[in-house]
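Enquirer: What follows is the file entry18.cif, containing mmCIF, C-alpha atoms:
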data_entry
loop_
_atom_site.group_PDB
_atom_site.id
_atom_site.type_symbol
_atom_site.label_atom_id
_atom_site.label_comp_id
_atom_site.auth_asym_id
_atom_site.auth_seq_id
_atom_site.Cartn_x
_atom_site.Cartn_y
_atom_site.Cartn_z
ATOM 1 C CA THR A 1 75.945 100.447 139.738
ATOM 2 C CA GLN A 2 76.962 100.214 136.097
ATOM 3 C CA LEU A 3 77.301 103.578 134.385
ATOM 4 C CA LEU A 4 77.829 104.419 130.737
ATOM 5 C CA GLU A 5 79.370 107.741 129.769
ATOM 6 C CA GLN A 6 78.780 108.973 126.251
ATOM 7 C CA SER A 7 80.788 111.657 124.518
ATOM 8 C CA PRO A 8 80.439 114.142 123.127
ATOM 9 C CA GLN A 9 77.079 115.126 124.539
ATOM 10 C CA PHE A 10 76.306 117.306 121.517
ATOM 11 C CA LEU A 11 77.760 117.250 118.014
ATOM 12 C CA SER A 12 76.870 119.502 115.101
ATOM 13 C CA ILE A 13 78.551 118.856 111.761
ATOM 14 C CA GLN A 14 78.135 119.535 108.059
ATOM 15 C CA GLU A 15 76.850 116.994 105.584
ATOM 16 C CA GLY A 16 79.669 114.835 104.245
ATOM 17 C CA GLU A 17 81.858 114.989 107.348
ATOM 18 C CA ASN A 18 82.955 111.942 109.334
ATOM 19 C CA LEU A 19 82.407 111.596 113.060
ATOM 20 C CA THR A 20 82.972 109.253 115.965
ATOM 21 C CA VAL A 21 81.019 109.069 119.196
ATOM 22 C CA TYR A 22 82.094 107.142 122.249
ATOM 23 C CA CYS A 23 80.541 105.067 124.982
ATOM 24 C CA ASN A 24 82.702 104.270 128.014
ATOM 25 C CA SER A 25 82.269 102.434 131.285
ATOM 26 C CA SER A 26 84.327 101.026 134.101
ATOM 27 C CA SER A 27 82.096 97.940 134.056
ATOM 28 C CA VAL A 28 82.169 94.913 131.811
ATOM 29 C CA PHE A 29 79.033 94.218 129.831
ATOM 30 C CA SER A 30 77.747 90.992 128.308
ATOM 31 C CA SER A 31 76.876 92.933 125.190
ATOM 32 C CA LEU A 32 76.398 96.497 124.088
ATOM 33 C CA GLN A 33 73.628 97.927 121.970
ATOM 34 C CA TRP A 34 73.411 101.155 119.989
ATOM 35 C CA TYR A 35 70.084 102.886 119.430
ATOM 36 C CA ARG A 36 69.031 105.967 117.496
ATOM 37 C CA GLN A 37 66.152 108.058 118.736
ATOM 38 C CA GLU A 38 64.419 110.724 116.674
ATOM 39 C CA PRO A 39 62.308 113.513 118.202
ATOM 40 C CA GLY A 40 58.922 112.309 119.377
ATOM 41 C CA GLU A 41 59.763 108.651 118.900
ATOM 42 C CA GLY A 42 61.170 105.780 120.874
ATOM 43 C CA PRO A 43 64.722 104.480 120.443
ATOM 44 C CA VAL A 44 65.331 102.101 117.548
ATOM 45 C CA LEU A 45 67.994 99.407 117.822
ATOM 46 C CA LEU A 46 70.838 99.792 115.313
ATOM 47 C CA VAL A 47 73.214 97.020 116.347
ATOM 48 C CA THR A 48 74.264 94.678 119.129
ATOM 49 C CA VAL A 49 77.932 93.839 119.692
ATOM 50 C CA VAL A 50 78.788 90.871 121.850
ATOM 51 C CA THR A 51 82.426 89.856 121.488
ATOM 52 C CA GLY A 52 85.363 91.948 122.693
ATOM 53 C CA GLY A 53 87.021 93.592 119.690
ATOM 54 C CA GLU A 54 84.008 92.971 117.473
ATOM 55 C CA VAL A 55 83.393 95.359 114.582
ATOM 56 C CA LYS A 56 80.045 95.604 112.829
ATOM 57 C CA LYS A 57 79.118 97.715 109.848
ATOM 58 C CA LEU A 58 75.708 99.023 108.928
ATOM 59 C CA LYS A 59 76.005 100.948 105.640
ATOM 60 C CA ARG A 60 77.977 104.098 106.609
ATOM 61 C CA LEU A 61 77.952 103.271 110.326
ATOM 62 C CA THR A 62 80.771 101.276 111.930
ATOM 63 C CA PHE A 63 80.417 99.988 115.484
ATOM 64 C CA GLN A 64 83.263 98.637 117.574
ATOM 65 C CA PHE A 65 83.212 96.902 120.950
ATOM 66 C CA GLY A 66 86.317 97.332 123.055
ATOM 67 C CA ASP A 67 88.535 94.339 123.724
ATOM 68 C CA ALA A 68 87.658 94.412 127.423
ATOM 69 C CA ARG A 69 83.934 94.880 126.661
ATOM 70 C CA LYS A 70 83.858 98.102 128.668
ATOM 71 C CA ASP A 71 83.619 100.602 125.835
ATOM 72 C CA SER A 72 82.333 101.064 122.328
ATOM 73 C CA SER A 73 82.480 103.542 119.492
ATOM 74 C CA LEU A 74 80.254 104.489 116.599
ATOM 75 C CA HIS A 75 81.829 105.970 113.493
ATOM 76 C CA ILE A 76 79.728 107.551 110.753
ATOM 77 C CA THR A 77 81.252 108.159 107.354
ATOM 78 C CA ALA A 78 79.991 110.946 105.117
ATOM 79 C CA ALA A 79 77.194 111.957 107.468
ATOM 80 C CA GLN A 80 73.850 112.916 105.996
ATOM 81 C CA PRO A 81 70.989 115.015 107.415
ATOM 82 C CA GLY A 82 69.016 111.796 107.865
ATOM 83 C CA ASP A 83 71.590 110.688 110.429
ATOM 84 C CA THR A 84 70.417 113.440 112.766
ATOM 85 C CA GLY A 85 69.186 112.078 116.073
ATOM 86 C CA LEU A 86 70.061 111.016 119.595
ATOM 87 C CA TYR A 87 72.473 108.087 119.639
ATOM 88 C CA LEU A 88 72.227 105.959 122.758
ATOM 89 C CA CYS A 89 74.433 103.128 123.857
ATOM 90 C CA ALA A 90 73.106 100.521 126.259
ATOM 91 C CA GLY A 91 75.037 97.875 128.107
ATOM 92 C CA GLU A 92 73.549 94.534 128.997
ATOM 93 C CA GLY A 93 74.349 93.438 132.502
ATOM 94 C CA ARG A 94 73.062 90.730 134.702
ATOM 95 C CA GLY A 95 72.108 91.054 138.354
ATOM 96 C CA GLY A 96 71.730 87.455 139.405
ATOM 97 C CA SER A 97 69.355 85.920 136.898
ATOM 98 C CA ASN A 98 67.906 89.261 135.926
ATOM 99 C CA TYR A 99 68.631 90.978 132.655
ATOM 100 C CA LYS A 100 69.016 94.729 132.616
ATOM 101 C CA LEU A 101 69.923 97.348 130.051
ATOM 102 C CA THR A 102 71.789 100.401 131.290
ATOM 103 C CA PHE A 103 71.603 103.368 128.941
ATOM 104 C CA GLY A 104 74.023 106.221 128.499
ATOM 105 C CA LYS A 105 72.607 109.748 128.266
ATOM 106 C CA GLY A 106 73.293 109.850 124.561
ATOM 107 C CA THR A 107 75.000 111.962 121.926
ATOM 108 C CA LEU A 108 72.723 114.412 120.142
ATOM 109 C CA LEU A 109 73.934 114.591 116.545
ATOM 110 C CA THR A 110 72.862 117.301 114.130
ATOM 111 C CA VAL A 111 73.939 117.017 110.510
ATOM 112 C CA ASN A 112 73.441 120.263 108.640
ATOM 113 C CA PRO A 113 72.797 120.238 104.888
ATOM 114 C CA ASP B 296 56.401 101.460 113.477
ATOM 115 C CA SER B 297 57.775 99.113 116.138
ATOM 116 C CA GLY B 298 54.459 97.383 116.777
ATOM 117 C CA VAL B 299 54.416 98.587 120.388
ATOM 118 C CA THR B 300 51.569 100.948 121.193
ATOM 119 C CA GLN B 301 51.328 103.369 124.083
ATOM 120 C CA THR B 302 48.465 105.537 125.235
ATOM 121 C CA PRO B 303 47.985 108.340 125.820
ATOM 122 C CA LYS B 304 50.599 110.172 123.770
ATOM 123 C CA HIS B 305 50.412 113.261 125.957
ATOM 124 C CA LEU B 306 49.193 113.695 129.507
ATOM 125 C CA ILE B 307 48.980 116.911 131.501
ATOM 126 C CA THR B 308 48.043 116.736 135.145
ATOM 127 C CA ALA B 309 48.574 118.446 138.470
ATOM 128 C CA THR B 310 50.796 117.652 141.417
ATOM 129 C CA GLY B 311 49.364 115.101 143.797
ATOM 130 C CA GLN B 312 47.313 113.375 141.114
ATOM 131 C CA ARG B 313 47.483 109.795 139.879
ATOM 132 C CA VAL B 314 47.743 108.667 136.268
ATOM 133 C CA THR B 315 47.870 105.376 134.394
ATOM 134 C CA LEU B 316 49.937 104.795 131.285
ATOM 135 C CA ARG B 317 49.096 101.895 129.019
ATOM 136 C CA CYS B 318 51.263 99.749 126.774
ATOM 137 C CA SER B 319 50.496 96.961 124.324
ATOM 138 C CA PRO B 320 53.537 94.916 123.331
ATOM 139 C CA ARG B 321 54.277 93.549 119.872
ATOM 140 C CA SER B 322 52.341 90.457 118.990
ATOM 141 C CA GLY B 323 54.146 87.443 120.421
ATOM 142 C CA ASP B 324 56.376 89.382 122.821
ATOM 143 C CA LEU B 325 56.177 88.224 126.415
ATOM 144 C CA SER B 326 58.325 90.869 128.097
ATOM 145 C CA VAL B 327 57.385 94.469 128.750
ATOM 146 C CA TYR B 328 59.844 97.046 130.039
ATOM 147 C CA TRP B 329 59.110 100.540 131.327
ATOM 148 C CA TYR B 330 61.589 103.406 131.062
ATOM 149 C CA GLN B 331 61.600 107.044 132.107
ATOM 150 C CA GLN B 332 63.477 109.570 129.994
ATOM 151 C CA SER B 333 64.320 113.059 131.216
ATOM 152 C CA LEU B 334 66.861 115.596 130.021
ATOM 153 C CA ASP B 335 69.070 115.355 133.092
ATOM 154 C CA GLN B 336 68.835 111.619 133.824
ATOM 155 C CA GLY B 337 68.615 110.141 130.359
ATOM 156 C CA LEU B 338 66.765 106.868 129.791
ATOM 157 C CA GLN B 339 66.246 105.084 133.100
ATOM 158 C CA PHE B 340 65.000 101.527 133.421
ATOM 159 C CA LEU B 341 62.047 101.268 135.779
ATOM 160 C CA ILE B 342 60.681 97.733 135.730
ATOM 161 C CA GLN B 343 60.262 94.616 133.604
ATOM 162 C CA TYR B 344 57.456 92.078 133.426
ATOM 163 C CA TYR B 345 57.688 88.722 131.731
ATOM 164 C CA ASN B 346 54.539 86.772 130.983
ATOM 165 C CA GLY B 347 52.646 88.460 133.789
ATOM 166 C CA GLU B 348 55.334 88.241 136.445
ATOM 167 C CA GLU B 349 57.707 90.934 137.642
ATOM 168 C CA ARG B 350 61.172 89.997 136.336
ATOM 169 C CA ALA B 351 63.478 92.904 137.153
ATOM 170 C CA LYS B 352 63.313 96.201 138.980
ATOM 171 C CA GLY B 353 65.311 99.320 138.285
ATOM 172 C CA ASN B 354 65.057 102.858 139.597
ATOM 173 C CA ILE B 355 61.331 102.766 140.203
ATOM 174 C CA LEU B 356 59.936 104.960 142.963
ATOM 175 C CA GLU B 357 57.593 103.512 145.567
ATOM 176 C CA ARG B 358 54.893 105.915 144.282
ATOM 177 C CA PHE B 359 55.037 104.083 140.963
ATOM 178 C CA SER B 360 53.714 100.608 140.259
ATOM 179 C CA ALA B 361 53.118 98.453 137.244
ATOM 180 C CA GLN B 362 51.433 95.260 136.231
ATOM 181 C CA GLN B 363 51.111 93.023 133.218
ATOM 182 C CA PHE B 364 47.751 91.509 132.441
ATOM 183 C CA PRO B 365 46.896 88.054 131.018
ATOM 184 C CA ASP B 366 46.598 89.523 127.534
ATOM 185 C CA LEU B 367 50.189 90.814 128.075
ATOM 186 C CA HIS B 368 49.370 94.500 127.942
ATOM 187 C CA SER B 369 50.884 96.486 130.778
ATOM 188 C CA GLU B 370 50.007 99.527 132.810
ATOM 189 C CA LEU B 371 52.279 101.883 134.717
ATOM 190 C CA ASN B 372 50.609 103.697 137.582
ATOM 191 C CA LEU B 373 52.116 106.932 138.846
ATOM 192 C CA SER B 374 50.678 108.399 142.040
ATOM 193 C CA SER B 375 51.197 111.454 144.254
ATOM 194 C CA LEU B 376 52.747 113.101 141.231
ATOM 195 C CA GLU B 377 55.486 115.680 141.670
ATOM 196 C CA LEU B 378 56.856 118.255 139.262
ATOM 197 C CA GLY B 379 59.978 116.141 138.862
ATOM 198 C CA ASP B 380 57.946 113.263 137.472
ATOM 199 C CA SER B 381 57.468 115.196 134.238
ATOM 200 C CA ALA B 382 59.223 113.119 131.603
ATOM 201 C CA LEU B 383 58.805 110.823 128.644
ATOM 202 C CA TYR B 384 57.749 107.324 129.630
ATOM 203 C CA PHE B 385 58.577 104.550 127.202
ATOM 204 C CA CYS B 386 57.422 101.009 127.059
ATOM 205 C CA ALA B 387 59.453 98.385 125.244
ATOM 206 C CA SER B 388 58.796 94.739 124.529
ATOM 207 C CA SER B 389 60.847 91.719 123.632
ATOM 208 C CA VAL B 390 60.215 88.093 122.815
ATOM 209 C CA GLY B 391 62.195 86.638 125.677
ATOM 210 C CA GLY B 392 62.940 87.561 129.250
ATOM 211 C CA GLY B 393 66.334 89.026 128.516
ATOM 212 C CA GLY B 394 69.230 89.275 126.136
ATOM 213 C CA THR B 395 66.951 89.894 123.180
ATOM 214 C CA GLU B 396 66.194 92.976 121.125
ATOM 215 C CA GLN B 397 63.827 95.436 122.737
ATOM 216 C CA PHE B 398 61.304 97.301 120.595
ATOM 217 C CA PHE B 399 60.238 100.665 121.934
ATOM 218 C CA GLY B 400 56.869 102.329 121.712
ATOM 219 C CA PRO B 401 56.420 106.016 120.815
ATOM 220 C CA GLY B 402 56.224 107.071 124.444
ATOM 221 C CA THR B 403 53.884 109.050 126.665
ATOM 222 C CA ARG B 404 54.879 112.595 127.490
ATOM 223 C CA LEU B 405 53.782 113.383 131.034
ATOM 224 C CA THR B 406 53.658 116.979 132.202
ATOM 225 C CA VAL B 407 52.971 117.640 135.868
ATOM 226 C CA LEU B 408 51.968 121.241 136.611
#
Any chance you could give the structure as C-alpha coordinates?
Expert:
Amino acid sequence: TQLLEQSPQFLSIQEGENLTVYCNSSSVFSSLQWYRQEPGEGPVLLVTVVTGGEVKKLKRLTFQFGDARKDSSLHITAAQPGDTGLYLCAGEGRGGSNYKLTFGKGTLLTVNP
Amino acid sequence: DSGVTQTPKHLITATGQRVTLRCSPRSGDLSVYWYQQSLDQGLQFLIQYYNGEERAKGNILERFSAQQFPDLHSELNLSSLELGDSALYFCASSVGGGGTEQFFGPGTRLTVL
(Lines of atoms letter the chains of each structure in order from A and count residues from 1; the text may use other names and numbers.)
(Lines give C-alpha, C1' and ligand atoms only; values in the text may rest on other atoms or scores of the structure.)
Protein backbone atom coordinates (compact mmCIF):
# COMPACT_ATOMS: atom_id res chain seq x y z
CA THR A 1 0.00 0.00 0.00
CA GLN A 2 1.36 3.40 -0.98
CA LEU A 3 1.04 6.01 1.74
CA LEU A 4 1.67 9.74 1.64
CA GLU A 5 2.47 11.62 4.83
CA GLN A 6 1.91 15.35 4.84
CA SER A 7 3.37 17.76 7.35
CA PRO A 8 2.57 19.82 9.17
CA GLN A 9 -1.03 18.81 9.64
CA PHE A 10 -2.03 22.35 10.62
CA LEU A 11 -0.31 25.66 9.95
CA SER A 12 -1.44 29.12 11.00
CA ILE A 13 0.62 32.10 9.89
CA GLN A 14 0.38 35.84 9.38
CA GLU A 15 -0.05 37.48 6.01
CA GLY A 16 3.30 38.09 4.34
CA GLU A 17 5.12 35.14 5.90
CA ASN A 18 6.72 32.33 3.91
CA LEU A 19 5.95 28.68 4.49
CA THR A 20 6.80 25.20 3.27
CA VAL A 21 4.67 22.09 3.52
CA TYR A 22 5.90 18.59 2.85
CA CYS A 23 4.64 15.39 1.30
CA ASN A 24 6.66 12.23 1.95
CA SER A 25 6.39 8.57 1.06
CA SER A 26 8.47 5.44 1.06
CA SER A 27 7.04 4.61 -2.38
CA VAL A 28 8.01 5.87 -5.79
CA PHE A 29 5.31 7.61 -7.77
CA SER A 30 4.96 8.14 -11.51
CA SER A 31 3.93 11.70 -10.80
CA LEU A 32 2.72 13.80 -7.92
CA GLN A 33 -0.11 16.29 -7.88
CA TRP A 34 -0.91 19.13 -5.50
CA TYR A 35 -4.49 20.22 -4.88
CA ARG A 36 -6.06 22.98 -2.83
CA GLN A 37 -9.45 22.45 -1.27
CA GLU A 38 -11.57 25.23 0.19
CA PRO A 39 -14.40 24.61 2.68
CA GLY A 40 -17.50 23.19 1.05
CA GLU A 41 -15.79 22.56 -2.27
CA GLY A 42 -13.92 19.81 -4.03
CA PRO A 43 -10.14 19.79 -4.46
CA VAL A 44 -8.74 21.86 -7.33
CA LEU A 45 -5.55 20.77 -9.08
CA LEU A 46 -2.67 23.24 -8.72
CA VAL A 47 0.19 21.40 -10.40
CA THR A 48 1.52 18.04 -11.53
CA VAL A 49 5.21 17.21 -11.23
CA VAL A 50 6.55 14.26 -13.17
CA THR A 51 10.35 14.26 -13.30
CA GLY A 52 12.59 13.68 -10.29
CA GLY A 53 14.07 17.00 -9.19
CA GLU A 54 11.49 18.99 -11.14
CA VAL A 55 10.59 22.46 -9.89
CA LYS A 56 7.44 24.25 -10.99
CA LYS A 57 6.31 27.73 -10.10
CA LEU A 58 2.78 29.05 -10.00
CA LYS A 59 2.90 32.75 -9.06
CA ARG A 60 3.98 32.72 -5.37
CA LEU A 61 3.83 28.92 -5.11
CA THR A 62 6.89 26.76 -5.80
CA PHE A 63 6.54 22.99 -6.09
CA GLN A 64 9.43 20.56 -6.05
CA PHE A 65 9.50 16.82 -6.72
CA GLY A 66 12.22 14.89 -4.96
CA ASP A 67 15.01 13.34 -6.99
CA ALA A 68 13.83 9.84 -6.11
CA ARG A 69 10.18 10.76 -6.82
CA LYS A 70 9.17 9.78 -3.29
CA ASP A 71 8.60 13.23 -1.83
CA SER A 72 7.55 16.73 -2.70
CA SER A 73 7.36 20.17 -1.16
CA LEU A 74 5.23 23.24 -1.65
CA HIS A 75 6.68 26.62 -0.75
CA ILE A 76 4.51 29.74 -0.58
CA THR A 77 6.13 33.14 -0.58
CA ALA A 78 4.45 36.12 1.06
CA ALA A 79 1.30 34.20 1.96
CA GLN A 80 -2.03 35.94 1.60
CA PRO A 81 -5.42 35.24 3.22
CA GLY A 82 -6.61 33.90 -0.13
CA ASP A 83 -4.08 31.08 0.21
CA THR A 84 -6.06 29.67 3.12
CA GLY A 85 -7.22 26.13 2.47
CA LEU A 86 -6.43 22.44 2.69
CA TYR A 87 -3.41 21.50 0.59
CA LEU A 88 -3.42 17.90 -0.57
CA CYS A 89 -0.72 15.99 -2.33
CA ALA A 90 -1.60 12.95 -4.41
CA GLY A 91 0.73 10.38 -5.86
CA GLU A 92 0.00 8.58 -9.08
CA GLY A 93 0.73 4.89 -8.92
CA ARG A 94 -0.07 2.02 -11.14
CA GLY A 95 -1.39 -1.37 -10.05
CA GLY A 96 -1.00 -3.42 -13.19
CA SER A 97 -2.72 -1.44 -15.91
CA ASN A 98 -4.82 0.49 -13.44
CA TYR A 99 -4.24 4.11 -12.59
CA LYS A 100 -4.75 5.24 -9.02
CA LEU A 101 -4.26 8.44 -7.09
CA THR A 102 -3.28 8.13 -3.44
CA PHE A 103 -3.95 11.24 -1.40
CA GLY A 104 -2.24 12.46 1.73
CA LYS A 105 -4.42 13.74 4.58
CA GLY A 106 -3.46 17.30 3.81
CA THR A 107 -2.08 20.41 5.46
CA LEU A 108 -4.70 22.87 6.66
CA LEU A 109 -3.26 26.34 6.12
CA THR A 110 -4.72 29.46 7.69
CA VAL A 111 -3.30 32.82 6.68
CA ASN A 112 -4.38 35.57 9.05
CA PRO A 113 -4.67 39.16 7.81
CA ASP B 1 -16.88 25.69 -11.29
CA SER B 2 -15.23 22.44 -12.38
CA GLY B 3 -18.09 21.37 -14.63
CA VAL B 4 -18.73 18.27 -12.52
CA THR B 5 -22.11 18.24 -10.82
CA GLN B 6 -23.16 16.18 -7.82
CA THR B 7 -26.54 15.76 -6.21
CA PRO B 8 -27.72 16.03 -3.57
CA LYS B 9 -25.44 18.48 -1.79
CA HIS B 10 -26.53 17.30 1.64
CA LEU B 11 -28.12 14.05 2.73
CA ILE B 12 -29.26 13.09 6.22
CA THR B 13 -30.44 9.57 6.84
CA ALA B 14 -30.62 6.88 9.49
CA THR B 15 -28.54 3.80 10.13
CA GLY B 16 -29.53 0.80 8.07
CA GLN B 17 -30.88 2.89 5.21
CA ARG B 18 -29.76 3.02 1.59
CA VAL B 19 -28.93 6.14 -0.40
CA THR B 20 -27.87 6.96 -3.95
CA LEU B 21 -25.47 9.74 -4.84
CA ARG B 22 -25.40 11.07 -8.37
CA CYS B 23 -22.61 12.55 -10.44
CA SER B 24 -22.48 14.09 -13.90
CA PRO B 25 -18.97 14.40 -15.32
CA ARG B 26 -17.63 17.30 -17.37
CA SER B 27 -18.71 17.26 -20.96
CA GLY B 28 -16.37 14.99 -22.91
CA ASP B 29 -14.88 13.23 -19.88
CA LEU B 30 -15.11 9.45 -20.00
CA SER B 31 -13.80 8.59 -16.54
CA VAL B 32 -15.61 9.03 -13.26
CA TYR B 33 -13.95 8.52 -9.89
CA TRP B 34 -15.59 8.32 -6.47
CA TYR B 35 -13.84 9.37 -3.27
CA GLN B 36 -14.78 9.44 0.39
CA GLN B 37 -13.37 12.17 2.61
CA SER B 38 -13.48 12.01 6.40
CA LEU B 39 -11.51 13.86 9.05
CA ASP B 40 -9.58 10.82 10.24
CA GLN B 41 -8.99 9.03 6.92
CA GLY B 42 -8.56 11.91 4.53
CA LEU B 43 -9.53 11.52 0.87
CA GLN B 44 -9.90 7.85 0.02
CA PHE B 45 -10.30 6.52 -3.50
CA LEU B 46 -13.30 4.23 -3.82
CA ILE B 47 -13.79 3.26 -7.45
CA GLN B 48 -13.28 4.39 -11.04
CA TYR B 49 -15.39 3.86 -14.15
CA TYR B 50 -14.23 4.50 -17.67
CA ASN B 51 -16.75 4.69 -20.48
CA GLY B 52 -19.22 2.52 -18.60
CA GLU B 53 -16.80 -0.12 -17.39
CA GLU B 54 -15.24 -0.51 -13.96
CA ARG B 55 -11.55 0.41 -14.33
CA ALA B 56 -10.07 0.45 -10.83
CA LYS B 57 -11.17 -0.33 -7.31
CA GLY B 58 -9.90 1.22 -4.11
CA ASN B 59 -11.09 1.00 -0.53
CA ILE B 60 -14.73 0.45 -1.37
CA LEU B 61 -16.84 -1.53 1.08
CA GLU B 62 -18.99 -4.41 -0.12
CA ARG B 63 -22.06 -2.44 1.08
CA PHE B 64 -21.20 0.20 -1.51
CA SER B 65 -21.60 -0.12 -5.26
CA ALA B 66 -21.41 2.14 -8.25
CA GLN B 67 -22.21 2.20 -11.92
CA GLN B 68 -21.73 4.43 -14.91
CA PHE B 69 -24.56 4.78 -17.37
CA PRO B 70 -24.45 5.14 -21.19
CA ASP B 71 -24.79 8.91 -20.88
CA LEU B 72 -21.66 8.71 -18.63
CA HIS B 73 -23.31 9.93 -15.46
CA SER B 74 -22.55 7.78 -12.44
CA GLU B 75 -24.29 6.74 -9.28
CA LEU B 76 -22.81 5.57 -5.99
CA ASN B 77 -25.10 3.38 -3.92
CA LEU B 78 -24.52 3.10 -0.20
CA SER B 79 -26.53 0.50 1.70
CA SER B 80 -26.94 -0.74 5.28
CA LEU B 81 -25.56 2.61 6.35
CA GLU B 82 -23.55 2.91 9.55
CA LEU B 83 -22.62 5.94 11.60
CA GLY B 84 -19.07 5.66 10.31
CA ASP B 85 -20.24 6.18 6.75
CA SER B 86 -20.88 9.84 7.51
CA ALA B 87 -18.46 11.73 5.29
CA LEU B 88 -18.07 13.89 2.23
CA TYR B 89 -18.36 11.94 -1.00
CA PHE B 90 -16.69 13.44 -4.04
CA CYS B 91 -16.96 12.56 -7.66
CA ALA B 92 -14.22 13.50 -10.09
CA SER B 93 -13.94 13.13 -13.83
CA SER B 94 -11.17 13.07 -16.37
CA VAL B 95 -10.86 12.80 -20.12
CA GLY B 96 -8.85 9.61 -20.17
CA GLY B 97 -8.65 6.45 -18.13
CA GLY B 98 -5.65 7.53 -16.13
CA GLY B 99 -2.70 9.84 -15.84
CA THR B 100 -4.79 12.88 -16.66
CA GLU B 101 -6.07 15.76 -14.57
CA GLN B 102 -9.08 14.97 -12.43
CA PHE B 103 -11.77 17.60 -11.93
CA PHE B 104 -13.71 17.32 -8.70
CA GLY B 105 -17.35 18.07 -8.07
CA PRO B 106 -18.57 20.01 -5.01
CA GLY B 107 -19.32 16.85 -3.07
CA THR B 108 -22.24 15.34 -1.20
CA ARG B 109 -22.19 15.57 2.57
CA LEU B 110 -23.74 12.43 4.02
CA THR B 111 -24.81 12.37 7.64
CA VAL B 112 -25.95 9.07 9.11
CA LEU B 113 -27.83 9.42 12.41
Enquirer: What does the distance from CA of Thr310 in chain B to CA of Val407 in chain B come to in Å, to one decimal?
Expert: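 Distance reported for this atom pair: 6.0 Å.
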Enquirer: Counting all atoms listed in the file, what is within 9 Å of Val299 in chain B, bar same-chain residues fewer than 2 positions away, as a list in words?
Expert: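 Here the qualifying residues turn out to be Asp296, Ser297, Gln301, Cys318, Ser319, Pro320, Arg321, Ser322, Cys386, Ala387, Ser388, Phe398, Phe399, Gly400 and Pro401 of chain B.
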Enquirer: Is there a way to get, as a list in words, all residues within 12 Å of the point (77.6, 104.9, 108.5) in file coordinates, counting all atoms listed in the file?
Expert: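 Residues found, by chain and rising number: Gly16, Glu17, Asn18, Leu19, Thr20, Val21, Leu46, Val47, Lys56, Lys57, Leu58, Lys59, Arg60, Leu61, Thr62, Phe63, Leu74, His75, Ile76, Thr77, Ala78, Ala79, Gln80, Gly82, Asp83 and Thr84 of chain A.
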Enquirer: Residues of chain B within 10 Å of chain A, counting all atoms listed in the file, what are they? List them as a PDB file with C-alpha atoms, keeping the file's coordinate frame.
Expert:
ATOM      1  CA  ASP B 296      56.401 101.460 113.477  1.00  0.00           C
ATOM      2  CA  SER B 297      57.775  99.113 116.138  1.00  0.00           C
ATOM      3  CA  VAL B 299      54.416  98.587 120.388  1.00  0.00           C
ATOM      4  CA  LYS B 304      50.599 110.172 123.770  1.00  0.00           C
ATOM      5  CA  TYR B 328      59.844  97.046 130.039  1.00  0.00           C
ATOM      6  CA  GLN B 332      63.477 109.570 129.994  1.00  0.00           C
ATOM      7  CA  SER B 333      64.320 113.059 131.216  1.00  0.00           C
ATOM      8  CA  LEU B 334      66.861 115.596 130.021  1.00  0.00           C
ATOM      9  CA  ASP B 335      69.070 115.355 133.092  1.00  0.00           C
ATOM     10  CA  GLN B 336      68.835 111.619 133.824  1.00  0.00           C
ATOM     11  CA  GLY B 337      68.615 110.141 130.359  1.00  0.00           C
ATOM     12  CA  LEU B 338      66.765 106.868 129.791  1.00  0.00           C
ATOM     13  CA  GLN B 339      66.246 105.084 133.100  1.00  0.00           C
ATOM     14  CA  PHE B 340      65.000 101.527 133.421  1.00  0.00           C
ATOM     15  CA  ILE B 342      60.681  97.733 135.730  1.00  0.00           C
ATOM     16  CA  GLN B 343      60.262  94.616 133.604  1.00  0.00           C
ATOM     17  CA  ARG B 350      61.172  89.997 136.336  1.00  0.00           C
ATOM     18  CA  ALA B 351      63.478  92.904 137.153  1.00  0.00           C
ATOM     19  CA  LYS B 352      63.313  96.201 138.980  1.00  0.00           C
ATOM     20  CA  GLY B 353      65.311  99.320 138.285  1.00  0.00           C
ATOM     21  CA  LEU B 383      58.805 110.823 128.644  1.00  0.00           C
ATOM     22  CA  TYR B 384      57.749 107.324 129.630  1.00  0.00           C
ATOM     23  CA  PHE B 385      58.577 104.550 127.202  1.00  0.00           C
ATOM     24  CA  CYS B 386      57.422 101.009 127.059  1.00  0.00           C
ATOM     25  CA  ALA B 387      59.453  98.385 125.244  1.00  0.00           C
ATOM     26  CA  GLY B 392      62.940  87.561 129.250  1.00  0.00           C
ATOM     27  CA  GLY B 393      66.334  89.026 128.516  1.00  0.00           C
ATOM     28  CA  GLY B 394      69.230  89.275 126.136  1.00  0.00           C
ATOM     29  CA  THR B 395      66.951  89.894 123.180  1.00  0.00           C
ATOM     30  CA  GLU B 396      66.194  92.976 121.125  1.00  0.00           C
ATOM     31  CA  GLN B 397      63.827  95.436 122.737  1.00  0.00           C
ATOM     32  CA  PHE B 398      61.304  97.301 120.595  1.00  0.00           C
ATOM     33  CA  PHE B 399      60.238 100.665 121.934  1.00  0.00           C
ATOM     34  CA  GLY B 400      56.869 102.329 121.712  1.00  0.00           C
ATOM     35  CA  PRO B 401      56.420 106.016 120.815  1.00  0.00           C
ATOM     36  CA  GLY B 402      56.224 107.071 124.444  1.00  0.00           C
ATOM     37  CA  THR B 403      53.884 109.050 126.665  1.00  0.00           C
ATOM     38  CA  ARG B 404      54.879 112.595 127.490  1.00  0.00           C
TER      39      ARG B 404
END
Enquirer: Measuring atom to atom with only C-alpha atoms, identify which of B:Val314, B:Leu341, B:Ile355, B:Leu325 is nearest to Leu376 in chain B.
Expert: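 Ranked by minimum distance to Leu376 in chain B, first place goes to B:Val314.
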Enquirer: To one decimal in Å, tell me the separation between CA of Leu109 in chain A and CA of Ser7 in chain A.
Expert: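 Interatomic distance, CA of Leu109 in chain A to CA of Ser7 in chain A: 10.9 Å.
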Enquirer: With all atoms listed in the file counted, which protein, DNA or RNA residues have an atom no more than 7 Å from (88.1, 92.4, 125.1) in the file frame? Please answer as a PyMOL selection string.
Expert: chain A and resi 52-53+66-69
Enquirer: Suppose we keep C-alpha atoms; can you now write the selection as an mmCIF file, in the frame of the given file?
Expert:
data_model
loop_
_atom_site.group_PDB
_atom_site.id
_atom_site.type_symbol
_atom_site.label_atom_id
_atom_site.label_comp_id
_atom_site.auth_asym_id
_atom_site.auth_seq_id
_atom_site.Cartn_x
_atom_site.Cartn_y
_atom_site.Cartn_z
ATOM 1 C CA GLY A 52 85.363 91.948 122.693
ATOM 2 C CA GLY A 53 87.021 93.592 119.690
ATOM 3 C CA GLY A 66 86.317 97.332 123.055
ATOM 4 C CA ASP A 67 88.535 94.339 123.724
ATOM 5 C CA ALA A 68 87.658 94.412 127.423
ATOM 6 C CA ARG A 69 83.934 94.880 126.661
#
Enquirer: So how many Å separate CA of Ser369 in chain B and CA of Trp329 in chain B, to one decimal?
Expert: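 Spanning CA of Ser369 in chain B to CA of Trp329 in chain B is a straight-line distance of 9.2 Å.
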